[in-house]
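Q: So here's upload16.csv (CSV, C-alpha atoms).
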```csv
chain,number,residue,atom,x,y,z
A,1,MET,CA,0.0,0.0,0.0
A,2,THR,CA,1.4,3.4,-1.0
A,3,ARG,CA,1.6,6.3,1.5
A,4,ALA,CA,-1.2,8.1,-0.3
A,5,GLU,CA,-3.4,4.9,-0.2
A,6,ASN,CA,-2.5,4.4,3.4
A,7,LYS,CA,-3.5,7.9,4.4
A,8,ASP,CA,-6.7,7.5,2.4
A,9,SER,CA,-7.5,4.2,4.1
A,10,ASN,CA,-6.8,5.7,7.5
A,11,ASN,CA,-9.7,8.1,6.9
A,12,HIS,CA,-11.9,5.3,5.6
A,13,PRO,CA,-14.7,4.4,8.1
A,14,GLU,CA,-13.9,0.7,8.0
A,15,PHE,CA,-10.3,1.3,8.8
A,16,GLY,CA,-11.6,1.5,12.3
A,17,VAL,CA,-11.5,3.8,15.2
A,18,ASP,CA,-8.9,4.9,17.7
A,19,SER,CA,-11.0,6.3,20.6
A,20,ARG,CA,-8.2,6.1,23.3
A,21,TYR,CA,-8.1,9.2,25.4
A,22,THR,CA,-4.9,11.1,25.6
A,23,SER,CA,-5.3,12.2,29.2
A,24,LYS,CA,-7.5,11.5,32.3
A,25,LYS,CA,-8.7,15.1,32.2
A,26,GLU,CA,-9.9,14.7,28.6
A,27,SER,CA,-11.6,11.4,29.5
A,28,GLN,CA,-13.3,12.8,32.5
A,29,SER,CA,-14.6,16.0,30.8
A,30,GLU,CA,-16.1,13.9,27.9
A,31,ALA,CA,-17.6,11.4,30.4
A,32,THR,CA,-19.3,14.2,32.3
A,33,ALA,CA,-20.8,15.8,29.1
A,34,LEU,CA,-21.9,12.3,27.9
A,35,MET,CA,-23.5,11.4,31.2
A,36,GLU,CA,-25.5,14.7,31.2
A,37,ALA,CA,-26.7,14.1,27.7
A,38,ARG,CA,-27.6,10.5,28.4
A,39,LEU,CA,-29.6,11.3,31.6
A,40,ALA,CA,-31.6,13.8,29.5
A,41,ARG,CA,-32.3,11.2,26.8
A,42,MET,CA,-33.1,8.5,29.4
A,43,LYS,CA,-36.2,10.5,30.4
A,44,ASN,CA,-37.7,9.9,27.0
A,45,VAL,CA,-37.1,6.1,27.0
A,46,SER,CA,-40.5,4.4,27.0
A,47,LYS,CA,-41.6,1.8,29.5
A,48,ASP,CA,-41.8,-0.8,26.6
A,49,ASP,CA,-38.2,-0.2,25.7
A,50,ILE,CA,-37.1,-0.6,29.3
A,51,ILE,CA,-38.9,-4.0,29.4
A,52,ARG,CA,-37.3,-4.9,26.1
A,53,ALA,CA,-33.9,-4.1,27.5
A,54,LYS,CA,-34.4,-6.1,30.6
A,55,LEU,CA,-35.7,-9.1,28.6
A,56,MET,CA,-32.7,-8.9,26.2
A,57,GLN,CA,-30.4,-8.7,29.2
A,58,LEU,CA,-32.0,-11.9,30.6
A,59,LYS,CA,-31.7,-13.7,27.3
A,60,LEU,CA,-28.0,-12.8,27.0
A,61,ASN,CA,-27.3,-13.8,30.6
A,62,MET,CA,-29.0,-17.2,30.1
A,63,GLU,CA,-27.0,-17.8,26.9
A,64,ALA,CA,-23.8,-16.9,28.8
A,65,PHE,CA,-24.7,-19.3,31.7
A,66,ILE,CA,-25.3,-22.4,29.5
A,67,LYS,CA,-22.0,-21.8,27.7
A,68,GLN,CA,-20.1,-21.7,31.0
A,69,PRO,CA,-18.2,-24.8,32.1
A,70,ILE,CA,-19.5,-26.8,35.1
A,71,HIS,CA,-19.0,-24.6,38.2
A,72,GLU,CA,-20.2,-24.1,41.7
A,73,PRO,CA,-23.9,-24.7,42.1
A,74,HIS,CA,-26.3,-21.8,42.4
A,75,ASN,CA,-30.0,-21.3,41.9
A,76,TYR,CA,-29.8,-19.8,38.4
A,77,PHE,CA,-33.0,-21.1,37.0
A,78,SER,CA,-35.2,-19.5,39.8
A,79,GLU,CA,-33.2,-16.3,39.6
A,80,PHE,CA,-33.7,-16.1,35.8
A,81,LEU,CA,-37.3,-16.9,36.2
A,82,GLN,CA,-37.8,-14.1,38.8
A,83,SER,CA,-36.0,-11.6,36.5
A,84,TYR,CA,-38.3,-12.7,33.6
A,85,ILE,CA,-41.5,-12.3,35.6
A,86,ASP,CA,-40.5,-9.1,37.3
A,87,ALA,CA,-39.5,-7.5,34.0
A,88,ILE,CA,-43.0,-7.9,32.6
A,89,TYR,CA,-45.5,-8.1,35.5
A,90,SER,CA,-46.3,-5.8,38.3
A,91,LYS,CA,-47.5,-8.8,40.4
A,92,ARG,CA,-46.2,-12.4,40.2
A,93,SER,CA,-49.7,-13.7,40.9
A,94,ILE,CA,-50.8,-12.4,37.4
A,95,PHE,CA,-48.1,-14.4,35.8
A,96,ALA,CA,-49.3,-17.5,37.7
A,97,MET,CA,-52.8,-16.8,36.4
A,98,ASP,CA,-51.5,-16.5,32.8
A,99,LEU,CA,-49.7,-19.9,33.2
A,100,ASP,CA,-52.8,-21.4,34.7
A,101,ILE,CA,-51.0,-22.4,37.9
A,102,THR,CA,-51.6,-21.4,41.5
A,103,PRO,CA,-49.5,-18.5,42.9
A,104,SER,CA,-48.3,-20.8,45.7
A,105,LYS,CA,-46.9,-23.3,43.2
A,106,LEU,CA,-45.1,-20.5,41.4
A,107,SER,CA,-43.8,-19.2,44.7
A,108,GLN,CA,-42.4,-22.6,45.6
A,109,VAL,CA,-40.6,-22.9,42.2
A,110,ILE,CA,-39.2,-19.3,42.6
A,111,ASN,CA,-38.1,-20.0,46.2
A,112,ASN,CA,-36.5,-23.4,45.3
A,113,HIS,CA,-39.0,-25.4,47.4
A,114,ARG,CA,-40.3,-27.3,44.4
A,115,GLU,CA,-38.6,-28.5,41.2
A,116,PRO,CA,-40.2,-27.1,38.0
A,117,GLN,CA,-42.1,-30.0,36.4
A,118,ASP,CA,-42.3,-30.5,32.6
A,119,GLU,CA,-45.8,-28.9,32.5
A,120,PHE,CA,-44.5,-25.7,34.1
A,121,LEU,CA,-41.4,-25.6,31.7
A,122,LEU,CA,-43.6,-26.2,28.7
A,123,LYS,CA,-46.0,-23.4,29.6
A,124,LEU,CA,-43.0,-21.1,30.3
A,125,MET,CA,-41.6,-21.9,26.9
A,126,ILE,CA,-44.9,-21.0,25.2
A,127,HIS,CA,-45.2,-17.8,27.3
A,128,SER,CA,-41.7,-16.6,26.6
A,129,GLU,CA,-41.9,-17.4,22.9
A,130,LYS,CA,-44.9,-15.0,22.7
A,131,ILE,CA,-43.2,-12.3,24.8
A,132,TYR,CA,-39.9,-12.4,23.0
A,133,ALA,CA,-41.5,-12.3,19.6
A,134,ASN,CA,-41.5,-8.5,20.0
A,135,VAL,CA,-38.1,-8.3,21.6
A,136,CYS,CA,-35.3,-10.3,19.9
A,137,PRO,CA,-34.6,-13.7,18.5
A,138,PHE,CA,-35.2,-16.2,21.3
A,139,GLN,CA,-34.7,-20.0,21.6
A,140,LYS,CA,-37.5,-21.0,23.9
A,141,GLU,CA,-35.8,-24.3,24.9
A,142,ILE,CA,-33.2,-22.2,26.7
A,143,TRP,CA,-35.3,-22.6,29.9
A,144,TYR,CA,-34.7,-26.4,29.8
A,145,GLN,CA,-31.0,-25.8,29.0
A,146,VAL,CA,-30.6,-23.5,32.0
A,147,TYR,CA,-32.5,-26.0,34.2
A,148,PHE,CA,-30.4,-29.0,33.2
A,149,HIS,CA,-27.1,-27.1,33.3
A,150,GLU,CA,-27.8,-26.0,36.8
A,151,LYS,CA,-28.7,-29.6,37.7
A,152,LEU,CA,-25.4,-30.7,36.2
A,153,CYS,CA,-23.5,-28.2,38.3
A,154,LYS,CA,-25.2,-29.4,41.4
A,155,MET,CA,-24.6,-33.0,40.6
A,156,MET,CA,-20.9,-32.6,39.8
A,157,SER,CA,-20.3,-30.5,42.9
A,158,THR,CA,-21.5,-33.4,45.1
A,159,GLN,CA,-19.5,-36.0,43.1
A,160,LYS,CA,-17.4,-37.1,46.1
A,161,GLU,CA,-20.5,-38.0,48.1
A,162,TRP,CA,-22.3,-40.0,45.4
A,163,THR,CA,-19.1,-41.6,44.2
A,164,SER,CA,-18.3,-43.1,47.6
A,165,LYS,CA,-22.0,-44.1,48.0
A,166,PHE,CA,-22.3,-46.0,44.8
A,167,GLU,CA,-18.8,-47.0,43.8
A,168,ASN,CA,-18.9,-50.3,45.7
A,169,VAL,CA,-22.2,-51.4,44.1
A,170,VAL,CA,-21.2,-50.6,40.5
A,171,SER,CA,-19.3,-53.3,38.7
A,172,VAL,CA,-18.0,-53.8,35.2
A,173,SER,CA,-18.6,-57.4,34.2
A,174,GLU,CA,-17.4,-57.0,30.7
A,175,PRO,CA,-14.1,-55.1,30.9
A,176,ILE,CA,-12.7,-53.7,27.7
A,177,THR,CA,-9.5,-55.8,28.1
A,178,LYS,CA,-11.7,-58.8,27.2
A,179,TYR,CA,-11.5,-57.7,23.6
A,180,GLU,CA,-7.7,-57.3,23.5
A,181,LYS,CA,-6.0,-59.1,20.7
B,1,MET,CA,-23.8,-13.3,13.6
B,2,VAL,CA,-22.7,-13.5,10.0
B,3,ILE,CA,-20.5,-11.6,7.6
B,4,ILE,CA,-21.1,-11.3,3.9
B,5,GLU,CA,-18.7,-12.4,1.2
B,6,THR,CA,-18.7,-9.4,-1.2
B,7,ALA,CA,-17.8,-11.4,-4.3
B,8,THR,CA,-20.6,-13.9,-3.9
B,9,GLY,CA,-23.1,-12.4,-1.4
B,10,ASN,CA,-22.8,-15.6,0.6
B,11,SER,CA,-23.1,-15.3,4.3
B,12,HIS,CA,-20.7,-16.9,6.7
B,13,PRO,CA,-21.4,-17.4,10.4
B,14,VAL,CA,-18.7,-15.9,12.7
B,15,GLU,CA,-17.6,-16.1,16.3
B,16,ILE,CA,-16.3,-13.3,18.4
B,17,LYS,CA,-13.9,-14.5,21.2
B,18,LEU,CA,-11.3,-13.0,23.5
B,19,VAL,CA,-7.9,-12.7,21.9
B,20,ASP,CA,-5.5,-15.3,23.2
B,21,ASP,CA,-2.0,-14.4,24.3
B,22,SER,CA,-0.6,-16.5,21.4
B,23,ASP,CA,-2.6,-14.3,18.9
B,24,TYR,CA,-0.7,-11.1,19.6
B,25,GLN,CA,2.3,-12.3,17.6
B,26,LYS,CA,0.0,-12.3,14.5
B,27,LEU,CA,-1.5,-8.9,15.2
B,28,THR,CA,0.9,-6.8,13.1
B,29,LYS,CA,0.4,-3.1,12.4
B,30,ALA,CA,0.7,-3.8,8.7
B,31,ARG,CA,-2.5,-6.0,8.8
B,32,TYR,CA,-4.4,-4.6,11.7
B,33,PHE,CA,-3.3,-0.9,11.8
B,34,PHE,CA,-2.7,-0.5,15.5
B,35,ASP,CA,-0.3,-1.7,18.2
B,36,TRP,CA,-2.6,-4.3,19.7
B,37,LYS,CA,0.0,-5.6,22.1
B,38,ALA,CA,-0.5,-2.2,24.0
B,39,GLU,CA,-4.1,-3.2,24.6
B,40,LYS,CA,-3.4,-6.4,26.5
B,41,GLN,CA,-4.7,-5.0,29.7
B,42,PHE,CA,-8.1,-4.4,28.2
B,43,GLU,CA,-10.7,-6.8,26.8
B,44,VAL,CA,-9.7,-7.4,23.2
B,45,TYR,CA,-12.0,-9.5,21.0
B,46,LYS,CA,-11.3,-11.1,17.6
B,47,LEU,CA,-13.8,-11.9,14.9
B,48,CYS,CA,-13.2,-15.1,12.9
B,49,ILE,CA,-15.3,-17.2,10.5
B,50,PHE,CA,-16.7,-20.1,12.5
B,51,GLY,CA,-14.1,-22.8,12.7
B,52,SER,CA,-11.3,-20.7,11.2
B,53,ASN,CA,-8.4,-19.1,13.1
B,54,GLU,CA,-8.0,-16.2,10.6
B,55,ILE,CA,-8.6,-12.9,12.4
B,56,LEU,CA,-10.8,-10.6,10.3
B,57,GLY,CA,-11.4,-7.9,12.8
B,58,LEU,CA,-10.5,-6.7,16.3
B,59,ILE,CA,-12.1,-4.6,19.0
B,60,SER,CA,-10.7,-3.4,22.3
B,61,LEU,CA,-13.1,-2.5,25.1
B,62,GLU,CA,-13.0,-0.7,28.4
B,63,ARG,CA,-15.8,-1.4,30.9
B,64,ILE,CA,-16.9,1.7,32.8
B,65,PRO,CA,-19.4,0.3,35.3
B,66,ASP,CA,-19.9,3.6,37.2
B,67,GLU,CA,-21.4,5.0,34.0
B,68,TRP,CA,-23.1,1.8,32.7
B,69,ARG,CA,-20.9,2.2,29.7
B,70,ILE,CA,-18.6,0.2,27.4
B,71,HIS,CA,-16.1,2.4,25.6
B,72,ILE,CA,-14.7,1.2,22.3
B,73,ARG,CA,-11.0,2.0,22.5
B,74,LEU,CA,-9.9,0.5,19.2
B,75,LEU,CA,-11.7,-1.1,16.4
B,76,THR,CA,-10.4,-2.3,13.1
B,77,VAL,CA,-10.9,-4.8,10.3
B,78,SER,CA,-7.9,-6.6,8.6
B,79,VAL,CA,-6.3,-4.8,5.7
B,80,GLU,CA,-7.9,-7.0,3.0
B,81,ASN,CA,-11.3,-6.3,4.4
B,82,GLN,CA,-11.5,-2.5,4.0
B,83,GLY,CA,-12.0,-0.3,1.0
B,84,LYS,CA,-13.5,-1.0,-2.4
B,85,HIS,CA,-11.9,-4.4,-2.7
B,86,LYS,CA,-12.7,-5.8,0.7
B,87,LEU,CA,-13.4,-9.6,0.9
B,88,PHE,CA,-16.1,-9.5,3.6
B,89,ASP,CA,-18.7,-7.0,4.7
B,90,ASN,CA,-20.2,-6.4,8.2
B,91,ILE,CA,-17.1,-7.1,10.2
B,92,ALA,CA,-17.1,-3.7,12.0
B,93,GLY,CA,-20.9,-3.9,12.5
B,94,ASN,CA,-20.7,-7.3,14.2
B,95,LEU,CA,-17.9,-6.1,16.5
B,96,ILE,CA,-19.9,-3.0,17.5
B,97,ALA,CA,-22.9,-5.2,18.0
B,98,HIS,CA,-20.8,-7.5,20.2
B,99,ALA,CA,-19.9,-4.5,22.4
B,100,ALA,CA,-23.6,-3.6,22.5
B,101,LYS,CA,-24.5,-7.1,23.7
B,102,ILE,CA,-21.9,-6.9,26.5
B,103,ALA,CA,-23.4,-3.5,27.5
B,104,VAL,CA,-27.0,-4.8,27.5
B,105,ALA,CA,-26.0,-8.0,29.4
B,106,ALA,CA,-24.4,-5.9,32.1
B,107,TYR,CA,-26.6,-2.7,32.3
B,108,ALA,CA,-29.9,-3.5,30.6
B,109,GLU,CA,-31.9,-0.3,30.1
B,110,LEU,CA,-28.9,1.9,31.2
B,111,ALA,CA,-26.6,0.3,28.6
B,112,CYS,CA,-24.4,2.5,26.5
B,113,VAL,CA,-21.6,2.0,24.0
B,114,SER,CA,-19.4,4.9,23.2
B,115,LEU,CA,-16.6,5.7,20.8
B,116,ARG,CA,-14.8,8.8,19.5
B,117,PRO,CA,-14.0,8.5,15.8
B,118,LYS,CA,-12.2,11.2,13.8
B,119,THR,CA,-14.5,13.9,12.6
B,120,GLU,CA,-14.1,12.8,8.9
B,121,ILE,CA,-15.6,9.3,9.7
B,122,ALA,CA,-18.1,10.2,12.5
B,123,LYS,CA,-20.9,10.7,9.9
B,124,HIS,CA,-20.5,7.1,8.8
B,125,TYR,CA,-21.0,5.8,12.4
B,126,ILE,CA,-23.9,8.1,13.1
B,127,GLU,CA,-25.7,7.1,9.9
B,128,THR,CA,-24.9,3.4,9.9
B,129,TYR,CA,-25.4,2.6,13.6
B,130,ASN,CA,-27.8,5.4,14.5
B,131,MET,CA,-25.5,6.9,17.1
B,132,GLN,CA,-26.0,10.0,19.2
B,133,VAL,CA,-23.5,12.9,19.2
B,134,THR,CA,-22.2,14.5,22.4
B,135,GLY,CA,-19.3,16.8,21.6
B,136,LEU,CA,-16.7,14.5,20.1
B,137,THR,CA,-18.2,11.4,21.5
B,138,LEU,CA,-20.6,9.1,19.7
B,139,SER,CA,-22.8,6.8,21.7
B,140,ILE,CA,-25.6,4.3,21.3
B,141,GLU,CA,-28.2,3.7,24.0
B,142,VAL,CA,-31.6,2.2,24.5
B,143,PRO,CA,-33.6,1.8,22.3
B,144,GLU,CA,-31.1,2.1,19.4
B,145,ILE,CA,-28.7,-0.3,21.1
B,146,LEU,CA,-31.4,-3.0,21.2
B,147,ASN,CA,-32.1,-2.5,17.5
B,148,LEU,CA,-28.4,-2.7,16.6
B,149,THR,CA,-28.0,-6.0,18.6
B,150,ASN,CA,-31.0,-7.5,16.8
B,151,ARG,CA,-29.8,-6.3,13.4
B,152,PHE,CA,-26.6,-8.4,13.7
B,153,ASP,CA,-28.1,-11.3,15.7
B,154,HIS,CA,-28.6,-14.2,13.3
B,155,ASP,CA,-28.2,-17.0,15.8
```
Write out the structure in this file as structure tokens.
A:
Amino acid sequence: MTRAENKDSNNHPEFGVDSRYTSKKESQSEATALMEARLARMKNVSKDDIIRAKLMQLKLNMEAFIKQPIHEPHNYFSEFLQSYIDAIYSKRSIFAMDLDITPSKLSQVINNHREPQDEFLLKLMIHSEKIYANVCPFQKEIWYQVYFHEKLCKMMSTQKEWTSKFENVVSVSEPITKYEK
Amino acid sequence: MVIIETATGNSHPVEIKLVDDSDYQKLTKARYFFDWKAEKQFEVYKLCIFGSNEILGLISLERIPDEWRIHIRLLTVSVENQGKHKLFDNIAGNLIAHAAKIAVAAYAELACVSLRPKTEIAKHYIETYNMQVTGLTLSIEVPEILNLTNRFDHD
């Protein structure tokens, strides 16, 4: 590339951007101005857009969770479920009504006193598919993926206990060495 | 997320991942315009066609949680992908959308992605990505940031 071409490409939008600040003072002054402008613009953000943002955040966080390797157990499913309901509904009992379940059943799932059954998960998939149709692309089966990924984390975190419990009763009667040449 | 092969119009799925330490050797100024080694302390992401190790674009990000903001420090596409004869389209757009996803995942309705391009190219970013102007800084916030994320989300 000649110098002239190089200069030209440096001004081409797809060449990219160098947005690094040259000093802390410069960075702070631009940050203050930007924050003031954003706070003014935030006043005009509609309630619907706030809900859309929360739902998109939830979707991205669920996607990130299922991509994570097995780690310490935590009640992610119920936390994601709470975020989902609270983003859309003013009262959780209305969501329970929409899913045709009792508020107490919902409360037990949210508070980890009851495992979500297939019927609950299937209804949740149908509900979220309808809700996300106006938000962003959404794989409804992600609820199952989150649920089973969490189960896997819990199961693997207690590996020592269940291994010692079952190790002695599990045998291999057809070891692979049998097929050695 | 996909990029478009300009010669054929075919789309290719891409993945955007953190740059590995071993990648920095390949990130020469001749091909990627900036000194990317100097960005090691920040989050630097690479865009590659799914299953390939060829780096087609790079972005360096700074998280500013106090302001619910992700600042794009550096952004570029590889030399063969810019200008009239570029091989692939949408590389920069996908990288900006990736920054937008990180911002939305972290800050939801408060999310913001900012950058500060040269005056000559600011118009391109304002028009292409629907960015707001505040002094020399361009930014994208809710609702535009949601629309941008959706525009490049083909998963």
Q: Pull out every residue of chain B that has at least one atom within 7 Å of chain A, counting only C-alpha atoms, and report them as a PyMOL selection string.
A: chain B and resi 72-77+82+92+104-105+108-109+115-117+120-121+124+134+143+146+150
Q: List the spatial neighbours of Ile3 in chain B as a VMD selection string - criterion: any atom at most 6 Å away, all atoms listed in the file, same-chain residues fewer than 2 positions off excluded.
A: chain B and resid 11 to 12 89 to 90
Q: Those residues with C-alpha atoms, as a short mmCIF file (atom, residue, chain, number, x, y, z; two decimals), in the coordinates of the input please?
A:
```cif
data_model
loop_
_atom_site.label_atom_id
_atom_site.label_comp_id
_atom_site.auth_asym_id
_atom_site.auth_seq_id
_atom_site.Cartn_x
_atom_site.Cartn_y
_atom_site.Cartn_z
CA SER B 11 -23.10 -15.30 4.30
CA HIS B 12 -20.70 -16.90 6.70
CA ASP B 89 -18.70 -7.00 4.70
CA ASN B 90 -20.20 -6.40 8.20
#
```
Q: Within 8 Å of Thr6 in chain B, counting only C-alpha atoms, which residues show up once you throw out same-chain ones fewer than 5 positions away? Write them as a list in words, please.
A: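 The contact residues come out as Lys86, Leu87, Phe88 and Asp89 of chain B.
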Q: From the list B:Ile145, B:Leu136, B:Met131, B:Ala7, which residue is nearest His98 in chain B when using only C-alpha atoms?
A: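 When distances to His98 in chain B are compared using only C-alpha atoms, the smallest one comes from B:Ile145.
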Q: I want to know what sits within 8 Å of Leu18 in chain B, based on all atoms listed in the file, with residues of the same chain fewer than 3 positions away left out; could you give that as a ChimeraX atom specification?
A: /B:43-46
Q: Grab the CA of Ile126 in chain A to CA of Ala96 in chain A distance for me, in Å with one decimal place.
A: 13.7 Å
Q: What would range 67-76 of chain B look like with all heavy atoms in place, written as a PDB file, in the coordinates of the input?
A:
```pdb
ATOM      1  N   GLU B  67     -20.572   4.292  34.951  1.00  0.00           N
ATOM      2  CA  GLU B  67     -21.400   5.000  34.000  1.00  0.00           C
ATOM      3  C   GLU B  67     -22.246   4.106  33.122  1.00  0.00           C
ATOM      4  O   GLU B  67     -22.811   4.541  32.116  1.00  0.00           O
ATOM      5  CB  GLU B  67     -20.462   5.846  33.046  1.00  0.00           C
ATOM      6  CG  GLU B  67     -19.616   6.858  33.778  1.00  0.00           C
ATOM      7  CD  GLU B  67     -18.575   7.476  32.864  1.00  0.00           C
ATOM      8  OE1 GLU B  67     -18.854   7.680  31.678  1.00  0.00           O
ATOM      9  OE2 GLU B  67     -17.462   7.734  33.355  1.00  0.00           O
ATOM     10  N   TRP B  68     -22.311   2.841  33.474  1.00  0.00           N
ATOM     11  CA  TRP B  68     -23.100   1.800  32.700  1.00  0.00           C
ATOM     12  C   TRP B  68     -22.665   1.859  31.245  1.00  0.00           C
ATOM     13  O   TRP B  68     -23.501   1.823  30.336  1.00  0.00           O
ATOM     14  CB  TRP B  68     -24.588   2.057  32.836  1.00  0.00           C
ATOM     15  CG  TRP B  68     -25.024   2.467  34.195  1.00  0.00           C
ATOM     16  CD1 TRP B  68     -24.921   1.723  35.333  1.00  0.00           C
ATOM     17  CD2 TRP B  68     -25.615   3.708  34.592  1.00  0.00           C
ATOM     18  NE1 TRP B  68     -25.409   2.436  36.401  1.00  0.00           N
ATOM     19  CE2 TRP B  68     -25.844   3.649  35.967  1.00  0.00           C
ATOM     20  CE3 TRP B  68     -25.972   4.884  33.904  1.00  0.00           C
ATOM     21  CZ2 TRP B  68     -26.416   4.708  36.690  1.00  0.00           C
ATOM     22  CZ3 TRP B  68     -26.546   5.928  34.617  1.00  0.00           C
ATOM     23  CH2 TRP B  68     -26.757   5.837  35.985  1.00  0.00           C
ATOM     24  N   ARG B  69     -21.376   1.941  31.016  1.00  0.00           N
ATOM     25  CA  ARG B  69     -20.900   2.200  29.700  1.00  0.00           C
ATOM     26  C   ARG B  69     -19.776   1.276  29.262  1.00  0.00           C
ATOM     27  O   ARG B  69     -18.940   0.918  30.093  1.00  0.00           O
ATOM     28  CB  ARG B  69     -20.430   3.668  29.591  1.00  0.00           C
ATOM     29  CG  ARG B  69     -19.798   4.090  28.296  1.00  0.00           C
ATOM     30  CD  ARG B  69     -19.824   5.604  28.162  1.00  0.00           C
ATOM     31  NE  ARG B  69     -18.912   6.304  29.067  1.00  0.00           N
ATOM     32  CZ  ARG B  69     -17.773   6.897  28.685  1.00  0.00           C
ATOM     33  NH1 ARG B  69     -17.403   6.862  27.420  1.00  0.00           N
ATOM     34  NH2 ARG B  69     -17.023   7.527  29.567  1.00  0.00           N
ATOM     35  N   ILE B  70     -19.757   0.888  27.988  1.00  0.00           N
ATOM     36  CA  ILE B  70     -18.600   0.200  27.400  1.00  0.00           C
ATOM     37  C   ILE B  70     -18.010   1.144  26.383  1.00  0.00           C
ATOM     38  O   ILE B  70     -18.708   1.594  25.465  1.00  0.00           O
ATOM     39  CB  ILE B  70     -19.080  -1.107  26.661  1.00  0.00           C
ATOM     40  CG1 ILE B  70     -19.850  -2.065  27.581  1.00  0.00           C
ATOM     41  CG2 ILE B  70     -17.889  -1.804  25.998  1.00  0.00           C
ATOM     42  CD1 ILE B  70     -19.049  -2.778  28.637  1.00  0.00           C
ATOM     43  N   HIS B  71     -16.745   1.456  26.553  1.00  0.00           N
ATOM     44  CA  HIS B  71     -16.100   2.400  25.600  1.00  0.00           C
ATOM     45  C   HIS B  71     -15.228   1.577  24.634  1.00  0.00           C
ATOM     46  O   HIS B  71     -14.416   0.747  25.044  1.00  0.00           O
ATOM     47  CB  HIS B  71     -15.223   3.371  26.391  1.00  0.00           C
ATOM     48  CG  HIS B  71     -14.603   4.409  25.501  1.00  0.00           C
ATOM     49  ND1 HIS B  71     -15.351   5.340  24.830  1.00  0.00           N
ATOM     50  CD2 HIS B  71     -13.308   4.638  25.160  1.00  0.00           C
ATOM     51  CE1 HIS B  71     -14.547   6.113  24.114  1.00  0.00           C
ATOM     52  NE2 HIS B  71     -13.300   5.697  24.300  1.00  0.00           N
ATOM     53  N   ILE B  72     -15.473   1.829  23.346  1.00  0.00           N
ATOM     54  CA  ILE B  72     -14.700   1.200  22.300  1.00  0.00           C
ATOM     55  C   ILE B  72     -13.352   1.959  22.208  1.00  0.00           C
ATOM     56  O   ILE B  72     -13.359   3.111  21.787  1.00  0.00           O
ATOM     57  CB  ILE B  72     -15.397   1.142  20.964  1.00  0.00           C
ATOM     58  CG1 ILE B  72     -16.686   0.308  21.081  1.00  0.00           C
ATOM     59  CG2 ILE B  72     -14.483   0.596  19.859  1.00  0.00           C
ATOM     60  CD1 ILE B  72     -17.541   0.298  19.820  1.00  0.00           C
ATOM     61  N   ARG B  73     -12.257   1.339  22.602  1.00  0.00           N
ATOM     62  CA  ARG B  73     -11.000   2.000  22.500  1.00  0.00           C
ATOM     63  C   ARG B  73     -10.394   1.950  21.128  1.00  0.00           C
ATOM     64  O   ARG B  73     -10.011   2.950  20.545  1.00  0.00           O
ATOM     65  CB  ARG B  73      -9.978   1.350  23.530  1.00  0.00           C
ATOM     66  CG  ARG B  73     -10.285   1.624  24.989  1.00  0.00           C
ATOM     67  CD  ARG B  73      -9.379   0.801  25.889  1.00  0.00           C
ATOM     68  NE  ARG B  73      -7.968   0.922  25.538  1.00  0.00           N
ATOM     69  CZ  ARG B  73      -7.172   1.930  25.908  1.00  0.00           C
ATOM     70  NH1 ARG B  73      -7.651   2.921  26.641  1.00  0.00           N
ATOM     71  NH2 ARG B  73      -5.898   1.964  25.542  1.00  0.00           N
ATOM     72  N   LEU B  74     -10.360   0.742  20.602  1.00  0.00           N
ATOM     73  CA  LEU B  74      -9.900   0.500  19.200  1.00  0.00           C
ATOM     74  C   LEU B  74     -10.761  -0.419  18.498  1.00  0.00           C
ATOM     75  O   LEU B  74     -11.319  -1.344  19.088  1.00  0.00           O
ATOM     76  CB  LEU B  74      -8.454  -0.108  19.281  1.00  0.00           C
ATOM     77  CG  LEU B  74      -7.251   0.714  19.686  1.00  0.00           C
ATOM     78  CD1 LEU B  74      -6.003  -0.160  19.611  1.00  0.00           C
ATOM     79  CD2 LEU B  74      -7.077   1.942  18.821  1.00  0.00           C
ATOM     80  N   LEU B  75     -10.883  -0.174  17.220  1.00  0.00           N
ATOM     81  CA  LEU B  75     -11.700  -1.100  16.400  1.00  0.00           C
ATOM     82  C   LEU B  75     -11.040  -1.091  15.004  1.00  0.00           C
ATOM     83  O   LEU B  75     -10.684  -0.033  14.469  1.00  0.00           O
ATOM     84  CB  LEU B  75     -13.116  -0.527  16.274  1.00  0.00           C
ATOM     85  CG  LEU B  75     -14.026  -1.084  15.177  1.00  0.00           C
ATOM     86  CD1 LEU B  75     -14.429  -2.517  15.490  1.00  0.00           C
ATOM     87  CD2 LEU B  75     -15.284  -0.229  15.046  1.00  0.00           C
ATOM     88  N   THR B  76     -10.857  -2.258  14.436  1.00  0.00           N
ATOM     89  CA  THR B  76     -10.400  -2.300  13.100  1.00  0.00           C
ATOM     90  C   THR B  76     -10.766  -3.607  12.370  1.00  0.00           C
ATOM     91  O   THR B  76     -11.122  -4.587  13.034  1.00  0.00           O
ATOM     92  CB  THR B  76      -8.829  -2.141  12.998  1.00  0.00           C
ATOM     93  OG1 THR B  76      -8.474  -1.774  11.671  1.00  0.00           O
ATOM     94  CG2 THR B  76      -8.087  -3.422  13.360  1.00  0.00           C
TER      95      THR B  76
END
```
